[in-house]
Amino acid sequence: MDTSSHGEAAVRQSEERFRLMADTIPEVIWITALEPERVLYTSPSFERIWGLKVEELYRNPRLWTETIHPEDRDRVISTFSEWIAGAEINYHDVEYRIVRPDGTIRWIHERGVLTRDKNGTPVEVSGISTDITTAKQAQHALENSFQEIKLLTERLERENVALKDAEGKLRQDEEELRRMTDAIPQTIVVLDPSGAPIYANQATLDYTGLAIEDVLAPGFRERIFRPDDLERTGDERKAALVRGLPFEAEQRALGKDGQYRWFLIRYNPFRNERGQVIRWYATGTDIDDRVRAEERIRNENLALREQIDRESMFEDIVGSSEALRKVLRQVTKVAPSDSTVLILGETGTGKELIARAIHKRSRRADQAFIGVNCAAIPPSLIASELFGHEKGAFTGAMQRRMGRFESANGGTIFLDEVGDLPAEIQIALLRVLQEREIERVGSSRPIPVDVRVVAATHRDLSALVAEGKFRQDLLYRLNVVPIQIPPLRERVADIPLLVEYFIDRFGKRAGKKFGTIDKKFLKAFQAYAWPGNVRELQNVIERAVILSEDDTLAVDQTWLKWEPAQNPVRPRTLDGALVRQEKEMIEAALAESQGRISGPAGAAAKLGLPARTLDSKIKRLTINKYRYKVT
């Protein structure tokens, strides 16, 4: 490859890197030719900020100028033209407003650079445009908050000008101003242009315990602010004083009680008629309670998560309510055994998470966990999915295939929505639970399997049994250890933790970081019935993360206006009628065996249960087995 080819490759690589960088930054990078006027390149951020398609700008270079706010357009065009004609200054800075197609107004800071040909004639302009709307809004709010102090300051300055002619009146006015300033609960310190204090109101003196002479003496800041805060904010404060623009800082100030408290200090400049900064007004707002509350909440959340991780190690199960803790205690107890577990709960409560937690804490944790959604598989295919099939077993069975039970051999199989199983599959599943063996479709040879079964459903299996849609003997086999998962409306205390968890999870995925969520949204979350439970909350938070543009998560109230199901039916275990039915069967077997539990003629053999299991059930159901004994 010759030198020119190497050069072209290097240029292409450089261009590719430039475009990759330009496509990923939030600012708009652009290049415009001057004669004839045309847009050579605009980064994708243009569409997000301007609300227009890049292709429209390429077709109409004047579109950029047309979007400028009418009040700013002449100024911007004139400034740009003068800059191009100046032929000496290569850099150009300007701020202006644009009007988006939807009518919203945004502030833009634009910095341009001229490219000249060998004769020094400007031929191209390249630059970067930054959306500074948020900064402008913050500046406007800050200016409004200091308006009253500015008015007082202007009055004080006017009286100082007339000091020689009306010294007595000035002292009277100053005293009045001081009384007004002293009545303000916020700490206020007036600074000279260099940042040295020249006055402090009574709130400042009361908090610090200092006299006004101490405030005016050198080293005032070093006496009241923590050294590490001074080091952290020192350079930034000096630079901000030089810029002459409003700014703020959070620092800890020492009180007369010897304790530090957090303050938000806002600095606002006051200028004379020539635009020179002649005073700085620094107002301090005590935010210690807020900062400590936020820190306490963070620490409590961290401690709760660490406690959950330490005590139970439930990875994605978030919450600390007593209802959830009860479920987790059940999981901890049942996980080491091989007993069949039936997980009951409404849709979206996290039944699969509980099933995975049981598997991870069992002796089968290093083996497979196979999940099957019984409601998602067509009835004609579910037998093949669960138990496999032989070659030629049915049309399309071109080769032997293992089923889910064989794939889970040695591990755990999770049968979600088990209440939707067809009747013939219920019989086959009952055999698996009883005999611990399966038969592939198209085969009569039994295959032994060592699988722990964890089932789940949102349906009322007792009602299905009564309707003849679910086998009662299968229910007995599945319902060895029932675990009822509470709906989210019964875990209101867990909602803030879940919200924080989902914000962090989806925020990282979207490359966003959120500082706060409005408390009114949390209250709305806790008041909402959540018919879709945790899954619905997760979807709401994911939607909010995607649609929110600043660092405060925003939730549309209309997302929470769906009417929850009236009188939601909670799945039942062996409560009520089923418990009574079980008790009647045991009492009938005891009567027939004359109170004997074990042995060939005992009640355990008649019921098909181990004697120890039957004895445990008799104790749980408070059955008096002695009244059936024949004396």
# chains A, B, ... in the order shown; residues from 1 in each chain; ligands from 1
$ residues_around --residues "Glu35 of chain A" --least-positions-apart "5" --cutoff "10 Å" --atoms "only C-alpha atoms" --output "ChimeraX atom specification"
/A:122-124
$ residues_around --residues "Glu273 of chain A" --least-positions-apart "2" --cutoff "12 Å" --atoms "only C-alpha atoms" --output "short mmCIF file (atom, residue, chain, number, x, y, z; two decimals) with C-alpha atoms, in the first residue's frame"
data_model
loop_
_atom_site.label_atom_id
_atom_site.label_comp_id
_atom_site.auth_asym_id
_atom_site.auth_seq_id
_atom_site.Cartn_x
_atom_site.Cartn_y
_atom_site.Cartn_z
CA GLU A 154 -29.88 49.44 46.39
CA GLU A 157 -26.20 52.17 48.44
CA ARG A 158 -28.29 55.21 47.61
CA PHE A 270 -24.80 43.33 43.25
CA ARG A 271 -23.52 45.61 40.48
CA GLY A 275 -21.94 46.69 35.68
CA GLN A 276 -19.14 46.24 38.20
CA VAL A 277 -19.64 43.91 41.17
CA ILE A 278 -19.48 46.06 44.31
#
$ select_by_dssp --residues "segment 212-338 of chain A" --states "strand (DSSP E)" --output "PyMOL selection string"
chain A and resi 247-254+260-271+277-286
$ closest_residue --among "A:Gly468, A:Gly234, A:Gly532, A:Pro227" --to "Arg252 of chain A" --atoms "only C-alpha atoms"
A:Pro227
$ select_by_dssp --residues "segment 359-481 of chain A" --states "alpha helix (DSSP H)" --output "PyMOL selection string"
chain A and resi 359-360+379-387+404-407+423-435+461-466+472-478
$ write_last_selection --atoms "C-alpha atoms" --output "tab-separated table (two decimals), in the first residue's frame"
chain	number	residue	atom	x	y	z
A	359	HIS	CA	-33.39	-23.65	44.48
A	360	LYS	CA	-30.30	-21.55	45.26
A	379	PRO	CA	-52.13	-28.22	25.24
A	380	SER	CA	-51.13	-30.41	22.29
A	381	LEU	CA	-47.41	-29.81	22.95
A	382	ILE	CA	-47.18	-29.67	26.73
A	383	ALA	CA	-46.69	-33.43	27.19
A	384	SER	CA	-43.76	-33.36	24.78
A	385	GLU	CA	-42.32	-30.26	26.46
A	386	LEU	CA	-42.48	-31.74	29.93
A	387	PHE	CA	-41.68	-35.41	29.31
A	404	ARG	CA	-37.96	-30.49	30.77
A	405	PHE	CA	-38.05	-33.08	33.56
A	406	GLU	CA	-35.06	-34.94	32.12
A	407	SER	CA	-33.23	-31.63	31.61
A	423	ALA	CA	-56.45	-33.02	32.84
A	424	GLU	CA	-54.33	-35.68	31.09
A	425	ILE	CA	-51.11	-33.87	32.01
A	426	GLN	CA	-52.28	-33.63	35.61
A	427	ILE	CA	-52.42	-37.46	35.70
A	428	ALA	CA	-48.91	-37.74	34.27
A	429	LEU	CA	-47.58	-35.16	36.73
A	430	LEU	CA	-49.18	-37.03	39.63
A	431	ARG	CA	-47.29	-40.13	38.55
A	432	VAL	CA	-44.02	-38.21	38.44
A	433	LEU	CA	-44.60	-36.97	41.99
A	434	GLN	CA	-45.57	-40.44	43.25
A	435	GLU	CA	-43.23	-42.73	41.32
A	461	LEU	CA	-56.90	-24.45	43.13
A	462	SER	CA	-59.53	-25.35	45.75
A	463	ALA	CA	-62.19	-23.75	43.57
A	464	LEU	CA	-60.83	-25.60	40.53
A	465	VAL	CA	-61.02	-28.87	42.47
A	466	ALA	CA	-64.64	-28.13	43.37
A	472	GLN	CA	-57.63	-33.23	44.31
A	473	ASP	CA	-54.95	-35.90	44.72
A	474	LEU	CA	-52.56	-33.79	42.65
A	475	LEU	CA	-53.31	-30.80	44.84
A	476	TYR	CA	-52.40	-32.87	47.90
A	477	ARG	CA	-49.11	-33.87	46.28
A	478	LEU	CA	-48.23	-30.31	45.25
$ residues_around --residues "Pro101 of chain A" --least-positions-apart "2" --cutoff "10 Å" --atoms "only C-alpha atoms" --output "list in words"
Trp50, Gly51, Leu52, Thr67, Ile98, Val99, Gly103, Thr104 and Ile105 of chain A
$ write_last_selection --atoms "all heavy atoms" --output "mmCIF file, in the first residue's frame"
data_model
loop_
_atom_site.group_PDB
_atom_site.id
_atom_site.type_symbol
_atom_site.label_atom_id
_atom_site.label_comp_id
_atom_site.auth_asym_id
_atom_site.auth_seq_id
_atom_site.Cartn_x
_atom_site.Cartn_y
_atom_site.Cartn_z
ATOM 1 N N TRP A 50 -33.376 20.494 19.272
ATOM 2 C CA TRP A 50 -34.183 21.370 18.411
ATOM 3 C C TRP A 50 -35.563 20.789 18.122
ATOM 4 O O TRP A 50 -36.473 21.500 17.737
ATOM 5 C CB TRP A 50 -33.453 21.640 17.102
ATOM 6 C CG TRP A 50 -32.742 22.960 17.088
ATOM 7 C CD1 TRP A 50 -33.173 24.116 16.536
ATOM 8 C CD2 TRP A 50 -31.457 23.261 17.671
ATOM 9 N NE1 TRP A 50 -32.241 25.113 16.725
ATOM 10 C CE2 TRP A 50 -31.174 24.614 17.418
ATOM 11 C CE3 TRP A 50 -30.531 22.516 18.384
ATOM 12 C CZ2 TRP A 50 -30.019 25.233 17.850
ATOM 13 C CZ3 TRP A 50 -29.362 23.119 18.812
ATOM 14 C CH2 TRP A 50 -29.111 24.458 18.559
ATOM 15 N N GLY A 51 -35.718 19.455 18.289
ATOM 16 C CA GLY A 51 -36.998 18.843 17.970
ATOM 17 C C GLY A 51 -37.243 18.748 16.473
ATOM 18 O O GLY A 51 -38.383 18.610 16.032
ATOM 19 N N LEU A 52 -36.180 18.862 15.666
ATOM 20 C CA LEU A 52 -36.296 18.789 14.212
ATOM 21 C C LEU A 52 -35.423 17.648 13.698
ATOM 22 O O LEU A 52 -34.449 17.246 14.332
ATOM 23 C CB LEU A 52 -35.830 20.105 13.576
ATOM 24 C CG LEU A 52 -36.646 21.366 13.940
ATOM 25 C CD1 LEU A 52 -35.913 22.604 13.473
ATOM 26 C CD2 LEU A 52 -38.034 21.294 13.316
ATOM 27 N N THR A 67 -35.387 29.067 13.609
ATOM 28 C CA THR A 67 -35.829 28.592 14.933
ATOM 29 C C THR A 67 -35.458 29.558 16.055
ATOM 30 O O THR A 67 -35.923 29.399 17.181
ATOM 31 C CB THR A 67 -35.207 27.224 15.242
ATOM 32 O OG1 THR A 67 -33.775 27.358 15.273
ATOM 33 C CG2 THR A 67 -35.613 26.198 14.209
ATOM 34 N N ILE A 98 -34.259 29.409 21.320
ATOM 35 C CA ILE A 98 -34.889 28.820 20.142
ATOM 36 C C ILE A 98 -36.324 28.449 20.491
ATOM 37 O O ILE A 98 -36.663 28.231 21.650
ATOM 38 C CB ILE A 98 -34.137 27.568 19.639
ATOM 39 C CG1 ILE A 98 -34.168 26.459 20.708
ATOM 40 C CG2 ILE A 98 -32.726 27.901 19.230
ATOM 41 C CD1 ILE A 98 -33.686 25.118 20.204
ATOM 42 N N VAL A 99 -37.168 28.395 19.476
ATOM 43 C CA VAL A 99 -38.557 27.963 19.637
ATOM 44 C C VAL A 99 -38.713 26.636 18.899
ATOM 45 O O VAL A 99 -38.594 26.584 17.669
ATOM 46 C CB VAL A 99 -39.541 29.007 19.079
ATOM 47 C CG1 VAL A 99 -40.982 28.541 19.302
ATOM 48 C CG2 VAL A 99 -39.313 30.358 19.744
ATOM 49 N N GLY A 103 -43.520 24.410 20.416
ATOM 50 C CA GLY A 103 -43.769 25.676 21.091
ATOM 51 C C GLY A 103 -42.913 25.923 22.313
ATOM 52 O O GLY A 103 -42.916 27.034 22.853
ATOM 53 N N THR A 104 -42.164 24.912 22.788
ATOM 54 C CA THR A 104 -41.322 25.120 23.965
ATOM 55 C C THR A 104 -40.083 25.932 23.589
ATOM 56 O O THR A 104 -39.597 25.884 22.454
ATOM 57 C CB THR A 104 -40.873 23.778 24.561
ATOM 58 O OG1 THR A 104 -40.170 23.027 23.559
ATOM 59 C CG2 THR A 104 -42.063 22.987 25.045
ATOM 60 N N ILE A 105 -39.593 26.674 24.566
ATOM 61 C CA ILE A 105 -38.436 27.558 24.359
ATOM 62 C C ILE A 105 -37.253 26.998 25.124
ATOM 63 O O ILE A 105 -37.381 26.621 26.294
ATOM 64 C CB ILE A 105 -38.757 28.990 24.831
ATOM 65 C CG1 ILE A 105 -39.897 29.580 23.986
ATOM 66 C CG2 ILE A 105 -37.517 29.874 24.748
ATOM 67 C CD1 ILE A 105 -40.359 30.934 24.457
#
$ atom_distance --atom1 "atom CA of Thr457 of chain A" --atom2 "atom CA of Gly319 of chain A"
21.9 Å
$ closest_residue --among "A:Pro486, A:Gly403, A:Gly209, A:Asp102" --to "Ile354 of chain A" --atoms "only C-alpha atoms"
A:Pro486
$ closest_residue --among "A:Gly442, A:Pro185, A:Gly599, A:Pro487" --to "Gly388 of chain A" --atoms "only C-alpha atoms"
A:Gly442
$ atom_distance --atom1 "atom CA of Glu143 of chain A" --atom2 "atom CA of Pro246 of chain A"
8.1 Å
$ residues_around --residues "Arg400 of chain A" --least-positions-apart "6" --cutoff "8 Å" --atoms "only C-alpha atoms" --output "list in words"
Gly388, His389, Glu390 and Lys391 of chain A
$ write_last_selection --atoms "N, CA, C and O atoms" --output "compact mmCIF listing (two decimals), in the first residue's frame"
# COMPACT_ATOMS: atom_id res chain seq x y z
N GLY A 388 -40.78 -35.07 27.04
CA GLY A 388 -40.01 -35.46 25.87
C GLY A 388 -40.80 -36.38 24.96
O GLY A 388 -41.93 -36.78 25.26
N HIS A 389 -40.20 -36.74 23.82
CA HIS A 389 -40.88 -37.65 22.90
C HIS A 389 -39.84 -38.48 22.14
O HIS A 389 -38.67 -38.12 22.03
N GLU A 390 -40.32 -39.61 21.62
CA GLU A 390 -39.50 -40.49 20.80
C GLU A 390 -39.63 -40.10 19.33
O GLU A 390 -40.59 -39.43 18.94
N LYS A 391 -38.69 -40.50 18.55
CA LYS A 391 -38.73 -40.25 17.12
C LYS A 391 -39.96 -40.90 16.52
O LYS A 391 -40.24 -42.08 16.76
$ residues_around --residues "Arg364 of chain A" --least-positions-apart "2" --cutoff "7 Å" --atoms "only C-alpha atoms" --output "count of residues only"
6
$ atom_distance --atom1 "atom CA of Ala200 of chain A" --atom2 "atom CA of Ile188 of chain A"
5.8 Å
$ closest_residue --among "A:Glu352, A:Glu417, A:Asp131, A:Glu55" --to "Ala376 of chain A" --atoms "only C-alpha atoms"
A:Glu417
$ closest_residue --among "A:Ala253, A:Leu142, A:Ile343, A:Ala368" --to "Phe220 of chain A" --atoms "only C-alpha atoms"
A:Ala253
